[in-house]
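The next block holds one structure in the form of structure tokens; read it before the comments.
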Amino acid sequence: MKRVILCRPAGPRNLGTVVRAAANFGPVEVAVVGPILPSLLIHPDFEQMSHGVEELVERVLVFDNLNDALADCHDSVGFSARARHHRVTLPWPEVLPRCLASDADDRRIGLVFGTEESGLSGEEAGLVQVLTHIATSSEHTSLNLGVAVSLVLYAMFSGESPPEFERIRAPLNGMDRAYLKAHLADTLGELATSKVAKADIEASIERVFNHAEVETRDARSWHTVMRALGNQKTPLDYGLAGSPKEARRKEALERALGSEAAKRDSSKSK
């Protein structure tokens, strides 16, 4: 049995899309953890997107926390485009066979997705057994929540691994190259044991990445490594003109971190 678990969903249309996909590619349980809007399941947009599958709507599970949602799951997979808690996110084609095997053995598997704005939190990612990501083209790397769940459920329903495809080569532009160099120098320079070593590292990065033929997929891999080492900085942090999307992502991350810090402070004061 598959259980789609949506952590802190905010969009009623996304939730409606997920419920419809669960009906299309079931049997699937749909669970919601800590919805942002209490009225999410009776919102007009949700009712519109889930029209025709009212029986499944009535069976949507609601939990206060992810631990409870996973309590009766035998396996769990979290979907995240970013590394969390220094854990690597495996490509979805590598994880799909494991999900199919679990489903075939009649084991309940939790398919965990984060909120639309900032994805899974570090704490949520720490509760799943495996982290995975769905590959996209370099033109747009962010997947809509409803679309992502639909892709995953279809892949499990059809029992077929996503086909391998040849990526279109996309070289870095000037700003992206500058961001990559700054991110590398900032992160790796902090690991240096002396000022001389730090200067050598920074000079090496300049020599290699000034002239190397680097593609956007190479840059994404390096940024994933830097984030796994604890550096979550965006182009804006280095004084580079990031896109509006980067600005929104930074704001969302700051809000998520602030919320987690507030929870920790609150629990300490009790």
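Every chain in the structure tokens takes a letter, A first, then B, and so on in the order presented; its residues are numbered from 1, and the ligands are numbered from 1 following the presented order.
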
Practice prompt. Determine, counting only C-alpha atoms, which protein, DNA and RNA residues have an atom within 8 Å of an atom of region 54-58 of chain A; residues of the same chain fewer than 4 positions away are not included. Present the result as a PyMOL selection string.
Written response: chain A and resi 19+23+41+50

Discussion item. I need the residues in region 27-213 of chain A that are helix (DSSP H, G or I) according to DSSP; give them as a ChimeraX atom specification.
Written reply: /A:40-42,44-49,54-57,66-70,92-104,122-125,145-158,174-189,195-211

Discussion item. Can you pull out the residues contacting region 197-211 of chain A? Cut-off 10 Å, using only C-alpha atoms, and skip same-chain residues under 2 positions away; I want them as an NGL selection string.
Written reply: :A and (174 or 177-178 or 180-182 or 184-186 or 188-195 or 213-214)

Restricted to N, CA and C atoms, what would the selected residues look like written as an mmCIF file, in the first residue's frame?
data_model
loop_
_atom_site.group_PDB
_atom_site.id
_atom_site.type_symbol
_atom_site.label_atom_id
_atom_site.label_comp_id
_atom_site.auth_asym_id
_atom_site.auth_seq_id
_atom_site.Cartn_x
_atom_site.Cartn_y
_atom_site.Cartn_z
ATOM 1 N N GLY A 174 27.770 33.941 -16.999
ATOM 2 C CA GLY A 174 28.768 34.616 -16.162
ATOM 3 C C GLY A 174 28.396 34.700 -14.704
ATOM 4 N N ARG A 177 28.577 31.279 -13.013
ATOM 5 C CA ARG A 177 29.966 30.884 -12.795
ATOM 6 C C ARG A 177 30.546 31.622 -11.589
ATOM 7 N N ALA A 178 30.217 32.912 -11.480
ATOM 8 C CA ALA A 178 30.703 33.705 -10.348
ATOM 9 C C ALA A 178 30.142 33.157 -9.031
ATOM 10 N N LEU A 180 29.196 30.039 -8.480
ATOM 11 C CA LEU A 180 29.837 28.758 -8.209
ATOM 12 C C LEU A 180 31.204 28.961 -7.570
ATOM 13 N N LYS A 181 32.003 29.870 -8.132
ATOM 14 C CA LYS A 181 33.340 30.111 -7.584
ATOM 15 C C LYS A 181 33.255 30.656 -6.156
ATOM 16 N N ALA A 182 32.332 31.587 -5.934
ATOM 17 C CA ALA A 182 32.189 32.167 -4.601
ATOM 18 C C ALA A 182 31.740 31.130 -3.586
ATOM 19 N N LEU A 184 32.183 27.854 -3.740
ATOM 20 C CA LEU A 184 33.285 26.927 -3.501
ATOM 21 C C LEU A 184 34.353 27.546 -2.604
ATOM 22 N N ALA A 185 34.746 28.759 -2.930
ATOM 23 C CA ALA A 185 35.813 29.411 -2.165
ATOM 24 C C ALA A 185 35.391 29.651 -0.724
ATOM 25 N N ASP A 186 34.165 30.086 -0.536
ATOM 26 C CA ASP A 186 33.652 30.366 0.802
ATOM 27 C C ASP A 186 33.607 29.104 1.652
ATOM 28 N N LEU A 188 35.053 25.871 0.994
ATOM 29 C CA LEU A 188 36.306 25.129 1.121
ATOM 30 C C LEU A 188 37.378 25.950 1.826
ATOM 31 N N GLY A 189 37.318 27.264 1.664
ATOM 32 C CA GLY A 189 38.285 28.119 2.360
ATOM 33 C C GLY A 189 38.174 28.009 3.868
ATOM 34 N N GLU A 190 36.944 27.773 4.358
ATOM 35 C CA GLU A 190 36.737 27.627 5.799
ATOM 36 C C GLU A 190 37.369 26.349 6.344
ATOM 37 N N LEU A 191 37.634 25.391 5.460
ATOM 38 C CA LEU A 191 38.231 24.126 5.889
ATOM 39 C C LEU A 191 39.755 24.190 5.938
ATOM 40 N N ALA A 192 40.318 25.276 5.402
ATOM 41 C CA ALA A 192 41.772 25.410 5.360
ATOM 42 C C ALA A 192 42.345 25.567 6.771
ATOM 43 N N THR A 193 43.550 25.055 6.945
ATOM 44 C CA THR A 193 44.178 25.090 8.276
ATOM 45 C C THR A 193 45.058 26.316 8.480
ATOM 46 N N SER A 194 45.258 27.109 7.430
ATOM 47 C CA SER A 194 46.068 28.320 7.558
ATOM 48 C C SER A 194 45.663 29.310 6.472
ATOM 49 N N LYS A 195 46.116 30.556 6.615
ATOM 50 C CA LYS A 195 45.806 31.578 5.612
ATOM 51 C C LYS A 195 46.441 31.237 4.271
ATOM 52 N N GLU A 213 35.219 24.132 -18.927
ATOM 53 C CA GLU A 213 33.904 24.068 -19.560
ATOM 54 C C GLU A 213 32.939 23.437 -18.568
ATOM 55 N N VAL A 214 32.196 24.293 -17.868
ATOM 56 C CA VAL A 214 31.298 23.832 -16.807
ATOM 57 C C VAL A 214 29.852 23.993 -17.263
#

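Nearest-residue note for Arg217 (chain A): choosing from A:Leu66, A:Leu100, A:Leu172, A:Val32, the minimum distance belongs to A:Leu172, counting only C-alpha atoms.
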
Worksheet item: Leaving out Pro12 (chain A) and any residue of its chain fewer than 3 positions from it, which residues lie within 6 Å of it when counting only C-alpha atoms, given as a list in words?
Response: Leu15, Leu40, Asp45 and Phe46 of chain A

Selected residues, C-alpha atoms, written as a PDB file, in the first residue's frame, please.
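Contents of part-v1.pdb, as written:
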ATOM      1  CA  LEU A  15      -3.992  18.828  -2.556  1.00  0.00           C
ATOM      2  CA  LEU A  40      -7.785  23.099   3.171  1.00  0.00           C
ATOM      3  CA  ASP A  45     -10.313  25.154  -5.107  1.00  0.00           C
ATOM      4  CA  PHE A  46      -9.731  21.782  -3.444  1.00  0.00           C
TER       5      PHE A  46
END

Discussion item. What's around His223 (chain A) at 10 Å? Count only C-alpha atoms, leave out sequence neighbours fewer than 5 positions away in its own chain, and write the answer as a PyMOL selection string.
Written reply: chain A and resi 82-83+179-180+183-184+217-218+228-229+231-234

Practice prompt. Would you mind telling me which residue in A:Leu96, A:Ser138, A:Leu37, A:Thr187 lies nearest to Ala170 (chain A) when using only C-alpha atoms?
Written response: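 Result for the nearest residue to Ala170 (chain A): A:Ser138.
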
Item to complete: Figure out the distance between CA of Glu116 (chain A) and CA of Leu143 (chain A), please, to one decimal in Å.
Response: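 Interatomic distance here is 9.3 Å.
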
Discussion item. Set the distance at 12 Å and use only C-alpha atoms: which residues neighbour Gln129 (chain A) once local chain neighbours fewer than 5 positions away are removed? I'd like the list as a list in words.
Written reply: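 Counting only C-alpha atoms, the residues come to Leu70, Cys73, His74, Asp75, Ser76, Val77, Gly78, Phe79, Arg87, Val88, Thr89, Leu90, Val95, Arg98, Cys99, Ile109, Gly110, Leu111, Val112 and Glu124 of chain A.
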
Would you output that residue set with C-alpha atoms, as an mmCIF file, in the first residue's frame?
data_model
loop_
_atom_site.group_PDB
_atom_site.id
_atom_site.type_symbol
_atom_site.label_atom_id
_atom_site.label_comp_id
_atom_site.auth_asym_id
_atom_site.auth_seq_id
_atom_site.Cartn_x
_atom_site.Cartn_y
_atom_site.Cartn_z
ATOM 1 C CA LEU A 70 4.918 7.154 9.422
ATOM 2 C CA CYS A 73 4.671 2.515 7.447
ATOM 3 C CA HIS A 74 7.279 -0.191 6.839
ATOM 4 C CA ASP A 75 9.357 1.918 4.427
ATOM 5 C CA SER A 76 9.636 5.640 3.722
ATOM 6 C CA VAL A 77 11.015 7.803 0.923
ATOM 7 C CA GLY A 78 11.331 11.575 1.071
ATOM 8 C CA PHE A 79 11.361 13.739 -2.052
ATOM 9 C CA ARG A 87 22.507 13.145 3.313
ATOM 10 C CA VAL A 88 22.719 12.616 -0.419
ATOM 11 C CA THR A 89 19.484 12.642 -2.437
ATOM 12 C CA LEU A 90 19.484 9.686 -4.824
ATOM 13 C CA VAL A 95 14.943 4.493 -5.753
ATOM 14 C CA ARG A 98 12.919 -0.296 -4.024
ATOM 15 C CA CYS A 99 9.498 1.376 -3.875
ATOM 16 C CA ILE A 109 5.421 2.699 2.044
ATOM 17 C CA GLY A 110 5.295 6.383 2.939
ATOM 18 C CA LEU A 111 6.029 8.768 0.053
ATOM 19 C CA VAL A 112 6.829 12.024 1.832
ATOM 20 C CA GLU A 124 11.301 15.933 8.388
#

Response to the item:
Between CA of Gly122 (chain A) and CA of Asn144 (chain A) lies a distance of 20.1 Å

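Of the residues under consideration (A:Gly239, A:Glu123, A:Asn67, A:Asp103), A:Asp103 shows the shortest atom-to-atom contact distance to Leu153 (chain A) when counting only C-alpha atoms.
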
Worksheet item: Which residue, A:Asp176, A:Asp68, A:Asp237, A:Asn14, has the smallest gap to Ala219 (chain A) when you use only C-alpha atoms?
Response: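 Among the listed residues, A:Asp176 lies closest to Ala219 (chain A).
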
Practice prompt. For CA of Trp92 (chain A) and CA of Met156 (chain A), quote the distance in Å rounded to one decimal.
Written response: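 Between CA of Trp92 (chain A) and CA of Met156 (chain A) the gap is 11.2 Å.
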
Find the residues near Gly114 (chain A): any atom within 8 Å, counting only C-alpha atoms, skip ones fewer than 5 places away on the same chain, and give them as an mmCIF file with C-alpha atoms, in the first residue's frame.
data_model
loop_
_atom_site.group_PDB
_atom_site.id
_atom_site.type_symbol
_atom_site.label_atom_id
_atom_site.label_comp_id
_atom_site.auth_asym_id
_atom_site.auth_seq_id
_atom_site.Cartn_x
_atom_site.Cartn_y
_atom_site.Cartn_z
ATOM 1 C CA LEU A 6 2.099 15.910 2.378
ATOM 2 C CA CYS A 7 3.906 17.900 5.065
ATOM 3 C CA ARG A 8 2.464 21.352 5.787
ATOM 4 C CA PRO A 9 0.702 21.772 2.411
ATOM 5 C CA PHE A 79 11.361 13.739 -2.052
ATOM 6 C CA SER A 80 13.747 16.697 -1.897
ATOM 7 C CA GLY A 119 10.135 21.535 0.673
ATOM 8 C CA LEU A 120 11.006 19.156 3.488
ATOM 9 C CA SER A 121 12.522 20.621 6.624
#

Residues of region 37-118 of chain A in strand (DSSP E or B) according to DSSP, as a short mmCIF file (atom, residue, chain, number, x, y, z; two decimals) with N, CA and C atoms, in the first residue's frame?
data_model
loop_
_atom_site.label_atom_id
_atom_site.label_comp_id
_atom_site.auth_asym_id
_atom_site.auth_seq_id
_atom_site.Cartn_x
_atom_site.Cartn_y
_atom_site.Cartn_z
N LEU A 61 -6.32 11.22 5.42
CA LEU A 61 -5.87 11.17 6.81
C LEU A 61 -5.20 12.48 7.19
N VAL A 62 -5.40 12.92 8.42
CA VAL A 62 -4.78 14.15 8.91
C VAL A 62 -4.01 13.83 10.18
N PHE A 63 -2.73 14.22 10.21
CA PHE A 63 -1.86 13.97 11.36
C PHE A 63 -1.26 15.29 11.86
N ASP A 75 8.28 1.25 5.16
CA ASP A 75 9.36 1.92 4.43
C ASP A 75 8.96 3.37 4.20
N SER A 76 9.95 4.23 3.96
CA SER A 76 9.64 5.64 3.72
C SER A 76 10.66 6.26 2.78
N VAL A 77 10.17 7.10 1.89
CA VAL A 77 11.01 7.80 0.92
C VAL A 77 10.62 9.27 0.93
N GLY A 78 11.60 10.15 1.10
CA GLY A 78 11.33 11.57 1.07
C GLY A 78 11.80 12.17 -0.24
N PHE A 79 11.03 13.10 -0.78
CA PHE A 79 11.36 13.74 -2.05
C PHE A 79 11.86 15.15 -1.78
N ARG A 84 19.85 17.10 2.71
CA ARG A 84 19.43 17.48 4.06
C ARG A 84 20.22 16.67 5.06
N ARG A 87 22.87 14.37 4.00
CA ARG A 87 22.51 13.15 3.31
C ARG A 87 22.37 13.42 1.82
N LEU A 90 19.25 10.60 -3.70
CA LEU A 90 19.48 9.69 -4.82
C LEU A 90 18.53 9.99 -5.97
N PRO A 91 18.95 9.75 -7.22
CA PRO A 91 18.05 9.94 -8.36
C PRO A 91 16.83 9.02 -8.24
N ILE A 109 4.29 1.81 2.27
CA ILE A 109 5.42 2.70 2.04
C ILE A 109 4.95 4.15 2.07
N GLY A 110 5.62 4.97 2.86
CA GLY A 110 5.30 6.38 2.94
C GLY A 110 6.10 7.18 1.92
N LEU A 111 5.40 7.90 1.05
CA LEU A 111 6.03 8.77 0.05
C LEU A 111 5.85 10.20 0.55
N VAL A 112 6.92 10.78 1.06
CA VAL A 112 6.83 12.02 1.83
C VAL A 112 7.27 13.23 1.00
N PHE A 113 6.40 14.24 0.95
CA PHE A 113 6.67 15.47 0.21
C PHE A 113 6.56 16.67 1.15
N THR A 115 6.42 21.02 2.02
CA THR A 115 5.54 22.13 1.66
C THR A 115 5.96 22.75 0.33
#
